[in-house]
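Undergrad: Input structure: target-v9.pdb, which contains PDB, C-alpha atoms and all ligand atoms.
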ATOM      1  CA  MET A1171     142.307  39.057-107.961
ATOM      2  CA  THR A1172     141.784  35.363-107.250
ATOM      3  CA  VAL A1173     139.856  34.677-104.075
ATOM      4  CA  HIS A1174     140.239  31.309-102.422
ATOM      5  CA  PRO A1175     136.736  29.964-101.812
ATOM      6  CA  PHE A1176     137.401  29.228 -98.157
ATOM      7  CA  MET A1177     138.728  32.629 -97.204
ATOM      8  CA  THR A1178     136.175  34.578 -95.269
ATOM      9  CA  THR A1179     136.543  37.710 -97.293
ATOM     10  CA  GLY A1180     134.195  40.581 -97.770
ATOM     11  CA  PRO A1181     132.020  40.951-100.842
ATOM     12  CA  ASP A1182     134.733  42.900-102.616
ATOM     13  CA  GLY A1183     137.026  39.876-102.369
ATOM     14  CA  ARG A1184     139.710  41.841-100.555
ATOM     15  CA  THR A1185     138.652  42.983 -97.114
ATOM     16  CA  LEU A1186     138.443  40.551 -94.255
ATOM     17  CA  ILE A1187     134.946  40.219 -92.917
ATOM     18  CA  PRO A1188     134.311  41.997 -89.620
ATOM     19  CA  GLY A1189     135.192  40.091 -86.518
ATOM     20  CA  GLY A1190     138.715  38.896 -87.297
ATOM     21  CA  SER A1191     139.447  35.218 -86.645
ATOM     22  CA  VAL A1192     136.724  32.672 -87.117
ATOM     23  CA  TYR A1193     136.651  29.174 -85.664
ATOM     24  CA  ARG A1194     135.202  25.969 -87.004
ATOM     25  CA  PRO A1195     135.204  22.301 -85.977
ATOM     26  CA  PRO A1196     137.957  20.137 -87.589
ATOM     27  CA  SER A1197     135.363  18.250 -89.621
ATOM     28  CA  GLU A1198     134.311  21.477 -91.343
ATOM     29  CA  HIS A1199     137.742  21.977 -92.908
ATOM     30  CA  ALA A1200     136.371  21.725 -96.437
ATOM     31  CA  SER A1201     133.257  23.816 -95.820
ATOM     32  CA  LEU A1202     132.516  27.340 -96.882
ATOM     33  CA  LEU A1203     132.624  29.499 -93.749
ATOM     34  CA  LEU A1204     129.872  32.073 -93.628
ATOM     35  CA  GLN A1205     130.054  34.478 -90.718
ATOM     36  CA  VAL A1206     126.493  35.400 -89.840
ATOM     37  CA  THR A1207     127.139  36.501 -86.267
ATOM     38  CA  VAL A1208     130.191  38.071 -84.674
ATOM     39  CA  GLY A1209     131.443  36.658 -81.371
ATOM     40  CA  CYS A1210     129.435  34.658 -78.863
ATOM     41  CA  SER A1211     126.268  35.849 -77.151
ATOM     42  CA  HIS A1212     127.276  34.008 -73.961
ATOM     43  CA  ASN A1213     131.024  34.652 -73.942
ATOM     44  CA  ARG A1214     131.362  33.674 -70.291
ATOM     45  CA  CYS A1215     132.740  30.130 -70.282
ATOM     46  CA  SER A1216     135.737  30.259 -67.965
ATOM     47  CA  TYR A1217     138.135  28.453 -70.312
ATOM     48  CA  CYS A1218     137.221  30.155 -73.582
ATOM     49  CA  ALA A1219     139.236  32.948 -75.141
ATOM     50  CA  MET A1220     137.919  32.562 -78.669
ATOM     51  CA  TYR A1221     135.755  35.633 -78.783
ATOM     52  CA  GLN A1222     137.226  37.751 -76.034
ATOM     53  CA  GLY A1223     137.048  41.419 -76.911
ATOM     54  CA  LYS A1224     134.431  40.818 -79.618
ATOM     55  CA  ARG A1225     131.091  42.415 -78.984
ATOM     56  CA  PHE A1226     128.349  40.008 -80.001
ATOM     57  CA  ALA A1227     126.388  41.105 -83.042
ATOM     58  CA  ILE A1228     124.198  39.627 -85.731
ATOM     59  CA  ARG A1229     125.388  40.716 -89.119
ATOM     60  CA  PRO A1230     122.892  42.741 -91.146
ATOM     61  CA  HIS A1231     121.041  40.572 -93.626
ATOM     62  CA  ALA A1232     122.112  42.756 -96.563
ATOM     63  CA  GLU A1233     125.750  42.092 -95.646
ATOM     64  CA  ILE A1234     125.137  38.334 -95.543
ATOM     65  CA  GLU A1235     123.389  38.461 -98.901
ATOM     66  CA  ALA A1236     126.288  40.416-100.392
ATOM     67  CA  LEU A1237     128.693  37.764 -99.109
ATOM     68  CA  LEU A1238     126.550  35.028-100.626
ATOM     69  CA  ASP A1239     126.474  36.861-103.965
ATOM     70  CA  HIS A1240     130.262  36.887-103.824
ATOM     71  CA  TYR A1241     130.508  33.204-102.913
ATOM     72  CA  ALA A1242     128.061  32.317-105.679
ATOM     73  CA  LYS A1243     130.736  33.320-108.192
ATOM     74  CA  LEU A1244     133.293  30.919-106.691
ATOM     75  CA  ALA A1245     133.751  27.183-106.976
ATOM     76  CA  PRO A1246     131.568  25.092-104.650
ATOM     77  CA  ALA A1247     133.131  23.841-101.404
ATOM     78  CA  PRO A1248     134.289  20.215-101.873
ATOM     79  CA  SER A1249     132.277  19.088 -98.866
ATOM     80  CA  GLY A1250     129.089  20.612-100.245
ATOM     81  CA  ARG A1251     128.648  22.298 -96.889
ATOM     82  CA  VAL A1252     128.377  25.750 -95.399
ATOM     83  CA  PHE A1253     129.408  26.331 -91.792
ATOM     84  CA  LEU A1254     127.784  29.273 -90.042
ATOM     85  CA  CYS A1255     130.173  31.253 -87.832
ATOM     86  CA  ASP A1256     130.725  32.580 -85.117
ATOM     87  CA  GLY A1257     130.307  31.007 -81.709
ATOM     88  CA  ASP A1258     126.611  30.295 -81.623
ATOM     89  CA  ALA A1259     124.991  31.333 -84.862
ATOM     90  CA  LEU A1260     121.891  29.392 -83.851
ATOM     91  CA  ILE A1261     121.111  32.142 -81.353
ATOM     92  CA  MET A1262     119.813  34.256 -84.244
ATOM     93  CA  PRO A1263     116.063  34.824 -84.058
ATOM     94  CA  GLN A1264     114.105  32.266 -86.041
ATOM     95  CA  LYS A1265     113.000  34.712 -88.746
ATOM     96  CA  ARG A1266     116.553  35.863 -89.373
ATOM     97  CA  LEU A1267     117.854  32.320 -89.525
ATOM     98  CA  VAL A1268     115.106  31.315 -91.931
ATOM     99  CA  SER A1269     116.096  34.247 -94.170
ATOM    100  CA  VAL A1270     119.771  33.239 -94.056
ATOM    101  CA  LEU A1271     119.060  29.594 -94.883
ATOM    102  CA  SER A1272     116.687  30.610 -97.675
ATOM    103  CA  ALA A1273     119.310  32.961 -99.114
ATOM    104  CA  ILE A1274     121.916  30.170 -99.031
ATOM    105  CA  ARG A1275     119.499  27.896-100.899
ATOM    106  CA  GLU A1276     118.781  30.494-103.491
ATOM    107  CA  ARG A1277     122.343  31.590-104.176
ATOM    108  CA  LEU A1278     124.391  28.437-103.537
ATOM    109  CA  PRO A1279     122.439  25.544-105.058
ATOM    110  CA  TRP A1280     125.417  23.190-104.508
ATOM    111  CA  VAL A1281     124.978  23.266-100.716
ATOM    112  CA  ARG A1282     123.924  19.890 -99.362
ATOM    113  CA  ARG A1283     124.137  20.707 -95.661
ATOM    114  CA  VAL A1284     124.411  23.772 -93.440
ATOM    115  CA  CYS A1285     126.090  23.295 -90.056
ATOM    116  CA  SER A1286     126.526  25.580 -87.070
ATOM    117  CA  TYR A1287     127.656  25.738 -83.482
ATOM    118  CA  GLY A1288     124.699  25.886 -81.149
ATOM    119  CA  ASP A1289     124.788  25.762 -77.393
ATOM    120  CA  THR A1290     122.117  24.507 -75.026
ATOM    121  CA  ARG A1291     120.631  27.992 -74.632
ATOM    122  CA  SER A1292     120.350  28.638 -78.333
ATOM    123  CA  VAL A1293     118.767  25.267 -79.146
ATOM    124  CA  LEU A1294     116.262  25.541 -76.298
ATOM    125  CA  ARG A1295     115.121  28.961 -77.492
ATOM    126  CA  LYS A1296     113.671  27.151 -80.477
ATOM    127  CA  SER A1297     110.671  24.840 -80.465
ATOM    128  CA  ILE A1298     110.793  21.452 -82.178
ATOM    129  CA  ASP A1299     108.633  22.897 -84.977
ATOM    130  CA  GLU A1300     111.043  25.783 -85.450
ATOM    131  CA  LEU A1301     113.983  23.375 -85.539
ATOM    132  CA  LYS A1302     112.102  21.277 -88.097
ATOM    133  CA  GLU A1303     111.603  24.391 -90.207
ATOM    134  CA  LEU A1304     115.363  25.034 -90.101
ATOM    135  CA  ARG A1305     116.025  21.381 -90.950
ATOM    136  CA  ALA A1306     113.752  21.642 -93.994
ATOM    137  CA  LEU A1307     115.779  24.647 -95.147
ATOM    138  CA  GLY A1308     119.064  22.756 -94.973
ATOM    139  CA  LEU A1309     120.324  23.001 -91.375
ATOM    140  CA  GLY A1310     121.659  19.481 -90.999
ATOM    141  CA  MET A1311     124.034  19.455 -88.050
ATOM    142  CA  ILE A1312     124.654  21.308 -84.794
ATOM    143  CA  TYR A1313     127.966  21.199 -82.927
ATOM    144  CA  HIS A1314     127.155  21.525 -79.250
ATOM    145  CA  GLY A1315     129.780  22.069 -76.563
ATOM    146  CA  VAL A1316     128.485  20.456 -73.378
ATOM    147  CA  GLU A1317     132.045  19.941 -72.077
ATOM    148  CA  THR A1318     130.984  17.867 -69.069
ATOM    149  CA  GLY A1319     128.060  15.961 -67.630
ATOM    150  CA  ASP A1320     129.009  16.965 -64.109
ATOM    151  CA  GLU A1321     126.702  19.686 -62.729
ATOM    152  CA  GLN A1322     129.372  20.969 -60.351
ATOM    153  CA  SER A1323     131.894  21.413 -63.162
ATOM    154  CA  MET A1324     129.243  22.933 -65.453
ATOM    155  CA  ALA A1325     128.551  25.592 -62.841
ATOM    156  CA  ALA A1326     132.262  26.150 -62.173
ATOM    157  CA  ILE A1327     133.003  26.846 -65.830
ATOM    158  CA  VAL A1328     129.902  29.086 -66.202
ATOM    159  CA  LYS A1329     128.528  26.981 -69.020
ATOM    160  CA  GLY A1330     125.154  28.645 -68.693
ATOM    161  CA  ALA A1331     123.186  25.402 -68.823
ATOM    162  CA  THR A1332     122.320  22.396 -66.723
ATOM    163  CA  ARG A1333     122.639  18.704 -67.413
ATOM    164  CA  ALA A1334     118.863  18.331 -67.763
ATOM    165  CA  GLU A1335     118.828  21.147 -70.328
ATOM    166  CA  ALA A1336     121.628  19.492 -72.283
ATOM    167  CA  ILE A1337     119.553  16.294 -72.456
ATOM    168  CA  GLU A1338     116.491  18.267 -73.561
ATOM    169  CA  THR A1339     118.638  19.834 -76.285
ATOM    170  CA  ALA A1340     119.562  16.398 -77.597
ATOM    171  CA  GLN A1341     115.924  15.340 -77.591
ATOM    172  CA  ARG A1342     114.767  18.412 -79.519
ATOM    173  CA  LEU A1343     117.466  18.051 -82.166
ATOM    174  CA  LYS A1344     116.661  14.388 -82.567
ATOM    175  CA  ALA A1345     112.943  15.122 -82.906
ATOM    176  CA  ALA A1346     113.739  17.707 -85.577
ATOM    177  CA  GLY A1347     116.011  15.327 -87.515
ATOM    178  CA  ILE A1348     119.109  17.511 -87.039
ATOM    179  CA  LEU A1349     122.374  15.644 -86.500
ATOM    180  CA  HIS A1350     123.931  16.347 -83.136
ATOM    181  CA  SER A1351     127.670  16.571 -82.611
ATOM    182  CA  VAL A1352     128.582  16.879 -78.935
ATOM    183  CA  ILE A1353     131.876  18.271 -77.709
ATOM    184  CA  VAL A1354     133.325  17.253 -74.333
ATOM    185  CA  LEU A1355     136.418  18.635 -72.663
ATOM    186  CA  LEU A1356     138.968  16.360 -71.019
ATOM    187  CA  GLY A1357     140.470  17.832 -67.853
ATOM    188  CA  ILE A1358     137.788  20.462 -67.236
ATOM    189  CA  GLY A1359     136.919  19.054 -63.787
ATOM    190  CA  GLY A1360     140.488  19.575 -62.587
ATOM    191  CA  VAL A1361     142.351  16.944 -60.595
ATOM    192  CA  GLY A1362     139.796  16.924 -57.774
ATOM    193  CA  GLY A1363     136.821  16.517 -60.082
ATOM    194  CA  SER A1364     138.484  14.323 -62.701
ATOM    195  CA  ALA A1365     136.720  11.038 -61.917
ATOM    196  CA  ARG A1366     133.380  12.730 -61.290
ATOM    197  CA  HIS A1367     133.620  14.644 -64.574
ATOM    198  CA  ALA A1368     134.510  11.557 -66.591
ATOM    199  CA  GLU A1369     131.791   9.358 -65.106
ATOM    200  CA  ALA A1370     129.097  12.025 -65.355
ATOM    201  CA  THR A1371     130.105  12.813 -68.932
ATOM    202  CA  ALA A1372     129.822   9.148 -69.893
ATOM    203  CA  SER A1373     126.350   8.944 -68.378
ATOM    204  CA  LEU A1374     125.274  12.243 -69.985
ATOM    205  CA  LEU A1375     126.400  11.004 -73.397
ATOM    206  CA  SER A1376     124.421   7.798 -72.823
ATOM    207  CA  GLU A1377     121.315   9.873 -72.163
ATOM    208  CA  MET A1378     121.907  12.171 -75.137
ATOM    209  CA  ASP A1379     122.970   9.386 -77.522
ATOM    210  CA  PRO A1380     124.278  11.757 -80.225
ATOM    211  CA  ALA A1381     125.463  10.804 -83.706
ATOM    212  CA  PHE A1382     128.887  12.372 -83.124
ATOM    213  CA  VAL A1383     131.094  13.065 -80.112
ATOM    214  CA  GLY A1384     134.346  14.999 -80.190
ATOM    215  CA  ALA A1385     136.633  14.972 -77.152
ATOM    216  CA  LEU A1386     138.946  17.965 -76.775
ATOM    217  CA  THR A1387     141.597  18.574 -74.126
ATOM    218  CA  VAL A1388     141.452  21.659 -71.950
ATOM    219  CA  THR A1389     144.322  24.154 -72.058
ATOM    220  CA  PRO A1390     144.203  27.110 -69.668
ATOM    221  CA  VAL A1391     144.598  30.092 -71.997
ATOM    222  CA  PRO A1392     146.157  33.288 -70.620
ATOM    223  CA  GLY A1393     143.531  35.949 -70.026
ATOM    224  CA  THR A1394     140.779  33.481 -69.121
ATOM    225  CA  PRO A1395     139.351  32.920 -65.617
ATOM    226  CA  LEU A1396     140.473  29.280 -65.866
ATOM    227  CA  HIS A1397     144.054  30.365 -66.444
ATOM    228  CA  ASP A1398     143.851  32.720 -63.447
ATOM    229  CA  ALA A1399     142.508  29.842 -61.351
ATOM    230  CA  ALA A1400     145.327  27.585 -62.548
ATOM    231  CA  GLU A1401     147.890  30.277 -61.667
ATOM    232  CA  SER A1402     146.454  30.769 -58.194
ATOM    233  CA  GLY A1403     146.220  27.024 -57.553
ATOM    234  CA  ALA A1404     142.413  27.037 -57.374
ATOM    235  CA  PHE A1405     142.308  24.826 -60.487
ATOM    236  CA  GLU A1406     144.777  21.998 -60.954
ATOM    237  CA  LEU A1407     145.063  20.647 -64.485
ATOM    238  CA  PRO A1408     145.117  16.826 -64.549
ATOM    239  CA  THR A1409     148.200  15.232 -66.089
ATOM    240  CA  LYS A1410     148.160  14.072 -69.696
ATOM    241  CA  PHE A1411     147.699  10.486 -68.573
ATOM    242  CA  GLN A1412     144.942  11.423 -66.119
ATOM    243  CA  MET A1413     143.108  13.089 -68.999
ATOM    244  CA  LEU A1414     143.556   9.980 -71.134
ATOM    245  CA  GLY A1415     142.153   8.032 -68.181
ATOM    246  CA  GLU A1416     139.088  10.312 -68.391
ATOM    247  CA  LEU A1417     138.824   9.517 -72.093
ATOM    248  CA  ARG A1418     138.923   5.828 -71.241
ATOM    249  CA  THR A1419     136.162   6.191 -68.645
ATOM    250  CA  ILE A1420     134.012   8.110 -71.131
ATOM    251  CA  ILE A1421     134.442   5.620 -73.981
ATOM    252  CA  ALA A1422     133.965   2.627 -71.672
ATOM    253  CA  GLY A1423     130.946   4.090 -69.878
ATOM    254  CA  ALA A1424     129.042   5.789 -72.687
ATOM    255  CA  ASP A1425     126.259   3.607 -73.966
ATOM    256  CA  LEU A1426     125.861   4.923 -77.504
ATOM    257  CA  THR A1427     123.782   3.295 -80.192
ATOM    258  CA  GLY A1428     125.486   4.665 -83.321
ATOM    259  CA  CYS A1429     128.113   7.327 -82.777
ATOM    260  CA  ARG A1430     131.249   8.499 -84.538
ATOM    261  CA  PHE A1431     133.543   9.212 -81.595
ATOM    262  CA  SER A1432     136.773  11.095 -82.141
ATOM    263  CA  SER A1433     139.574  12.675 -80.190
ATOM    264  CA  ASN A1434     141.376  13.959 -83.257
ATOM    265  CA  HIS A1435     141.114  17.660 -82.380
ATOM    266  CA  ALA A1436     144.469  19.457 -82.367
ATOM    267  CA  SER A1437     144.275  19.903 -78.588
ATOM    268  CA  ASN A1438     144.426  16.165 -77.855
ATOM    269  CA  TYR A1439     147.433  14.100 -76.847
ATOM    270  CA  LEU A1440     146.178  10.889 -78.433
ATOM    271  CA  PRO A1441     144.057  11.032 -81.586
ATOM    272  CA  LEU A1442     141.499   8.245 -81.739
ATOM    273  CA  ARG A1443     138.521   7.744 -83.964
ATOM    274  CA  GLY A1444     135.934   5.006 -84.110
ATOM    275  CA  GLN A1445     132.339   4.051 -84.500
ATOM    276  CA  LEU A1446     130.641   3.207 -81.209
ATOM    277  CA  PRO A1447     129.628   0.713 -80.040
ATOM    278  CA  ARG A1448     131.347  -1.273 -82.844
ATOM    279  CA  ASP A1449     134.916  -0.095 -82.171
ATOM    280  CA  LYS A1450     134.722   0.284 -78.414
ATOM    281  CA  ALA A1451     136.949  -2.688 -77.561
ATOM    282  CA  GLY A1452     139.638  -1.638 -80.039
ATOM    283  CA  MET A1453     139.650   1.969 -78.853
ATOM    284  CA  LEU A1454     139.917   0.882 -75.238
ATOM    285  CA  ARG A1455     142.752  -1.496 -76.134
ATOM    286  CA  ALA A1456     144.672   1.336 -77.800
ATOM    287  CA  LEU A1457     144.134   3.561 -74.780
ATOM    288  CA  ASP A1458     145.111   0.824 -72.337
ATOM    289  CA  GLN A1459     148.387   0.250 -74.149
ATOM    290  CA  VAL A1460     149.291   3.910 -73.868
ATOM    291  CA  LEU A1461     148.128   4.169 -70.267
ATOM    292  CA  ALA A1462     150.066   1.043 -69.276
ATOM    293  CA  ALA A1463     153.247   2.253 -70.967
ATOM    294  CA  GLY A1464     152.976   5.714 -69.405
ATOM    295  CA  ASP A1465     155.469   6.868 -72.019
ATOM    296  CA  GLU A1466     155.068  10.467 -73.175
ATOM    297  CA  ARG A1467     156.758   9.612 -76.462
ATOM    298  CA  MET A1468     153.546   7.825 -77.441
ATOM    299  CA  LEU A1469     151.660  11.119 -77.131
ATOM    300  CA  LYS A1470     151.466  14.132 -79.390
ATOM    301  CA  PRO A1471     154.266  16.505 -78.378
ATOM    302  CA  GLU A1472     153.197  19.753 -76.762
ATOM    303  CA  TRP A1473     154.421  21.846 -79.698
ATOM    304  CA  MET A1474     152.109  19.994 -82.077
ATOM    305  CA  ARG A1475     149.025  20.735 -80.027
ATOM    306  CA  GLY A1476     146.673  23.566 -80.815
ATOM    307  CA  LEU A1477     143.534  24.966 -79.268
TER
HETATM  308  S1  LIG A1501     129.477  29.191 -75.538
HETATM  309 FE1  LIG A1501     131.245  28.459 -76.760
HETATM  310  S2  LIG A1501     132.057  30.257 -77.812
HETATM  311 FE2  LIG A1501     130.709  30.995 -76.181
HETATM  312  S3  LIG A1501     132.070  31.383 -74.448
HETATM  313 FE3  LIG A1501     131.286  29.296 -74.212
HETATM  314  S4  LIG A1501     132.809  27.980 -75.241
HETATM  315 FE4  LIG A1501     133.213  30.102 -75.914
END
Take the structure I supplied and represent it as structure tokens, if you would.
Ligand code: SF4
TA:
Amino acid sequence: MTVHPFMTTGPDGRTLIPGGSVYRPPSEHASLLLQVTVGCSHNRCSYCAMYQGKRFAIRPHAEIEALLDHYAKLAPAPSGRVFLCDGDALIMPQKRLVSVLSAIRERLPWVRRVCSYGDTRSVLRKSIDELKELRALGLGMIYHGVETGDEQSMAAIVKGATRAEAIETAQRLKAAGILHSVIVLLGIGGVGGSARHAEATASLLSEMDPAFVGALTVTPVPGTPLHDAAESGAFELPTKFQMLGELRTIIAGADLTGCRFSSNHASNYLPLRGQLPRDKAGMLRALDQVLAAGDERMLKPEWMRGL
């Protein structure tokens, strides 16, 4: 049978790998997805339903090697990249991660960069020297969901990290030469915390100064604590235009020295992309036009949004 190179299939080319659905950032659409862990070791963020019902596990190394042997027979991914799934593959112990990266090198010589999700906890479990070791073996970029710079909101969503730790994470990745892609979540402070969330997120981004920022828009998903809070009235989701106002505050306030900023994730109402600081004025102009018009027809319709 023909196996599409981007299907996460088992070594026999037919069975789906354990763990069901896998998630990846939009920019990894042309990457080979390699599931090295199942689920998320934290799995407590109040808005996240991605890995509900999945018990966290690190896949046995022999299984990962068998997958790589299978992928070695397929065409290279056009991006030249491998993306490590699931939620926080970086949480793997250093030795295991070194073995995985070495095995990728050995079996897939076309790979130019390995990328992974990694949260504050998983990065801070590693020293700068350990991160440098991973960098030398091909780990080139970490996608890091900080969601907000506001301590109060961070605690409310059970992010499992503080603002100071998020900044330390950025510093360690920078010292190790690993590109840092930070994810923030519009609307996560609710109506009451909207301004505080946006301002604190802008200042956090200024302190982290990452190479990439992706803004997503929160959607209370049934079955999550955030959805329960929205149902009970304890959490009030800001309006679409309030969330775009947050985006404006973040872009205007973030002092970034060289950052690709995007809001092109499927969850967003207004896709924007630009290089900051170069494109700041243009991005703010585009946002101001939409905010001034207040016309929902200028936004992505609800049915076109995804999580
Ligand atoms: S760390 Fe990421 S994957 Fe894990 S629960 Fe939080 S948002 Fe979901």
Undergrad: Could you list the protein, DNA and RNA residues that have any atom within 9 Å of ligand LIG 1501 (chain A), counting only C-alpha atoms and all ligand atoms, and write them as a PyMOL selection string?
TA: chain A and resi 1209-1222+1256-1258+1287-1291+1314-1317+1327-1330
Undergrad: Got a sec to resolve the PyMOL selection byres (((chain A and resi 1391) around 10) and not hetatm) on this structure and send the residues as a list of chain:residue names?
TA: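 This file gives the following for the PyMOL selection byres (((chain A and resi 1391) around 10) and not hetatm): A:Ser1216, A:Tyr1217, A:Cys1218, A:Ala1219, A:Met1220, A:Val1388, A:Thr1389, A:Pro1390, A:Pro1392, A:Gly1393, A:Thr1394, A:Pro1395, A:Leu1396, A:His1397, A:Asp1398, A:Ala1400, A:Leu1477.
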Undergrad: For the residues in that selection, give me C-alpha atoms as a short mmCIF file (atom, residue, chain, number, x, y, z; two decimals), in the coordinates of the input.
TA:
data_model
loop_
_atom_site.label_atom_id
_atom_site.label_comp_id
_atom_site.auth_asym_id
_atom_site.auth_seq_id
_atom_site.Cartn_x
_atom_site.Cartn_y
_atom_site.Cartn_z
CA SER A 1216 135.74 30.26 -67.96
CA TYR A 1217 138.14 28.45 -70.31
CA CYS A 1218 137.22 30.16 -73.58
CA ALA A 1219 139.24 32.95 -75.14
CA MET A 1220 137.92 32.56 -78.67
CA VAL A 1388 141.45 21.66 -71.95
CA THR A 1389 144.32 24.15 -72.06
CA PRO A 1390 144.20 27.11 -69.67
CA PRO A 1392 146.16 33.29 -70.62
CA GLY A 1393 143.53 35.95 -70.03
CA THR A 1394 140.78 33.48 -69.12
CA PRO A 1395 139.35 32.92 -65.62
CA LEU A 1396 140.47 29.28 -65.87
CA HIS A 1397 144.05 30.36 -66.44
CA ASP A 1398 143.85 32.72 -63.45
CA ALA A 1400 145.33 27.58 -62.55
CA LEU A 1477 143.53 24.97 -79.27
#
Undergrad: Produce a table with one row for each residue of segment 1371-1394 of chain A that has an atom at most 12 Å from any atom of segment 1196-1200 of chain A, each row naming the nearest atom pair and its distance in Å at one decimal; use all atoms listed in the file; arrange rows by chain and rising residue number; format as a tab-separated table.
TA:
residue	atom	partner	partner_atom	distance
A:Phe1382	CA	A:Ser1197	CA	10.9
A:Val1383	CA	A:Ser1197	CA	11.6
A:Gly1384	CA	A:Pro1196	CA	9.7
A:Ala1385	CA	A:Pro1196	CA	11.7
A:Leu1386	CA	A:Pro1196	CA	11.1
Undergrad: At a cut-off of 7 Å, using only C-alpha atoms, what residues contact segment 1461-1472 of chain A? Leave out same-chain residues fewer than 6 positions from it and give the result as a PDB file with C-alpha atoms, keeping the file's coordinate frame.
TA:
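The new file selection12.pdb reads:
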ATOM      1  CA  PHE A1411     147.699  10.486 -68.573  1.00  0.00           C
ATOM      2  CA  TYR A1439     147.433  14.100 -76.847  1.00  0.00           C
ATOM      3  CA  LEU A1440     146.178  10.889 -78.433  1.00  0.00           C
TER       4      LEU A1440
END
Undergrad: Which of these residues is nearest to Val1281 of chain A, using only C-alpha atoms: A:Tyr1193, A:Phe1253, A:Phe1226, A:Phe1405?
TA: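 Under the stated criterion, the closest residue is A:Phe1253.
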Undergrad: Could you tell me how far atom CA of Ile1312 of chain A sits from atom CA of His1231 of chain A, in Å to one decimal place?
TA: 21.5 Å
Undergrad: Run through the PyMOL selection byres (((chain A and resi 1248) around 12) and not hetatm) on the given coordinates and return the selected residues as a list in words.
TA: Pro1175, Phe1176, Glu1198, His1199, Ala1200, Ser1201, Leu1202, Leu1244, Ala1245, Pro1246, Ala1247, Ser1249, Gly1250, Arg1251, Val1252, Trp1280, Val1281, Arg1282 and Arg1283 of chain A
Undergrad: For the residues selected in the previous step, produce a file with C-alpha atoms as a PDB file, keeping the file's coordinate frame.
TA:
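Written file, result.pdb:
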ATOM      1  CA  PRO A1175     136.736  29.964-101.812  1.00  0.00           C
ATOM      2  CA  PHE A1176     137.401  29.228 -98.157  1.00  0.00           C
ATOM      3  CA  GLU A1198     134.311  21.477 -91.343  1.00  0.00           C
ATOM      4  CA  HIS A1199     137.742  21.977 -92.908  1.00  0.00           C
ATOM      5  CA  ALA A1200     136.371  21.725 -96.437  1.00  0.00           C
ATOM      6  CA  SER A1201     133.257  23.816 -95.820  1.00  0.00           C
ATOM      7  CA  LEU A1202     132.516  27.340 -96.882  1.00  0.00           C
ATOM      8  CA  LEU A1244     133.293  30.919-106.691  1.00  0.00           C
ATOM      9  CA  ALA A1245     133.751  27.183-106.976  1.00  0.00           C
ATOM     10  CA  PRO A1246     131.568  25.092-104.650  1.00  0.00           C
ATOM     11  CA  ALA A1247     133.131  23.841-101.404  1.00  0.00           C
ATOM     12  CA  SER A1249     132.277  19.088 -98.866  1.00  0.00           C
ATOM     13  CA  GLY A1250     129.089  20.612-100.245  1.00  0.00           C
ATOM     14  CA  ARG A1251     128.648  22.298 -96.889  1.00  0.00           C
ATOM     15  CA  VAL A1252     128.377  25.750 -95.399  1.00  0.00           C
ATOM     16  CA  TRP A1280     125.417  23.190-104.508  1.00  0.00           C
ATOM     17  CA  VAL A1281     124.978  23.266-100.716  1.00  0.00           C
ATOM     18  CA  ARG A1282     123.924  19.890 -99.362  1.00  0.00           C
ATOM     19  CA  ARG A1283     124.137  20.707 -95.661  1.00  0.00           C
TER      20      ARG A1283
END
Undergrad: In Å, with one decimal, what is the gap from atom CA of Lys1224 of chain A to atom CA of Leu1407 of chain A?
TA: 27.4 Å
Undergrad: Step by step, work through what the PyMOL selection byres (((chain A and resi 1275) around 12) and not hetatm) selects in the shown file, and finish by giving those residues as a compact mmCIF listing (two decimals) with C-alpha atoms, in the coordinates of the input.
TA:
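Output saved as result-v1.txt:
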# COMPACT_ATOMS: atom_id res chain seq x y z
CA GLU A 1235 123.39 38.46 -98.90
CA LEU A 1238 126.55 35.03 -100.63
CA ASP A 1239 126.47 36.86 -103.96
CA ALA A 1242 128.06 32.32 -105.68
CA ARG A 1251 128.65 22.30 -96.89
CA VAL A 1252 128.38 25.75 -95.40
CA VAL A 1268 115.11 31.32 -91.93
CA SER A 1269 116.10 34.25 -94.17
CA VAL A 1270 119.77 33.24 -94.06
CA LEU A 1271 119.06 29.59 -94.88
CA SER A 1272 116.69 30.61 -97.68
CA ALA A 1273 119.31 32.96 -99.11
CA ILE A 1274 121.92 30.17 -99.03
CA GLU A 1276 118.78 30.49 -103.49
CA ARG A 1277 122.34 31.59 -104.18
CA LEU A 1278 124.39 28.44 -103.54
CA PRO A 1279 122.44 25.54 -105.06
CA TRP A 1280 125.42 23.19 -104.51
CA VAL A 1281 124.98 23.27 -100.72
CA ARG A 1282 123.92 19.89 -99.36
CA ARG A 1283 124.14 20.71 -95.66
CA VAL A 1284 124.41 23.77 -93.44
CA LEU A 1304 115.36 25.03 -90.10
CA ALA A 1306 113.75 21.64 -93.99
CA LEU A 1307 115.78 24.65 -95.15
CA GLY A 1308 119.06 22.76 -94.97
CA LEU A 1309 120.32 23.00 -91.38
Undergrad: Just to confirm, what's the straight-line distance from atom CA of Ser1351 of chain A to atom CA of Val1293 of chain A in Å (one decimal)?
TA: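 Interatomic distance here is 12.9 Å.
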Undergrad: Taking into account all atoms listed in the file, which residue in the set A:Val1460, A:Ile1234, A:Ala1381, A:Met1311 is nearest to Gly1444 of chain A?
TA: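 Answer, going by the shortest atom-to-atom distance: A:Ala1381.
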Undergrad: Would you mind listing what lies within 12 Å of Thr1387 of chain A as a ChimeraX atom specification, with only C-alpha atoms counted and same-chain residues fewer than 6 positions away left out?
TA: /A:1217,1317-1318,1353-1360,1407-1414,1416-1417,1432-1441,1472,1475-1477
Undergrad: What box, with edges along x, y and z, holds each listed atom of segment 1458-1472 of chain A when 5 Å is added on every side, and can you state its centre and edge lengths in Å to one decimal, as lines of an AutoDock Vina configuration file?
TA:
center_x = 150.9
center_y = 10.0
center_z = -74.3
size_x = 21.6
size_y = 29.5
size_z = 20.1
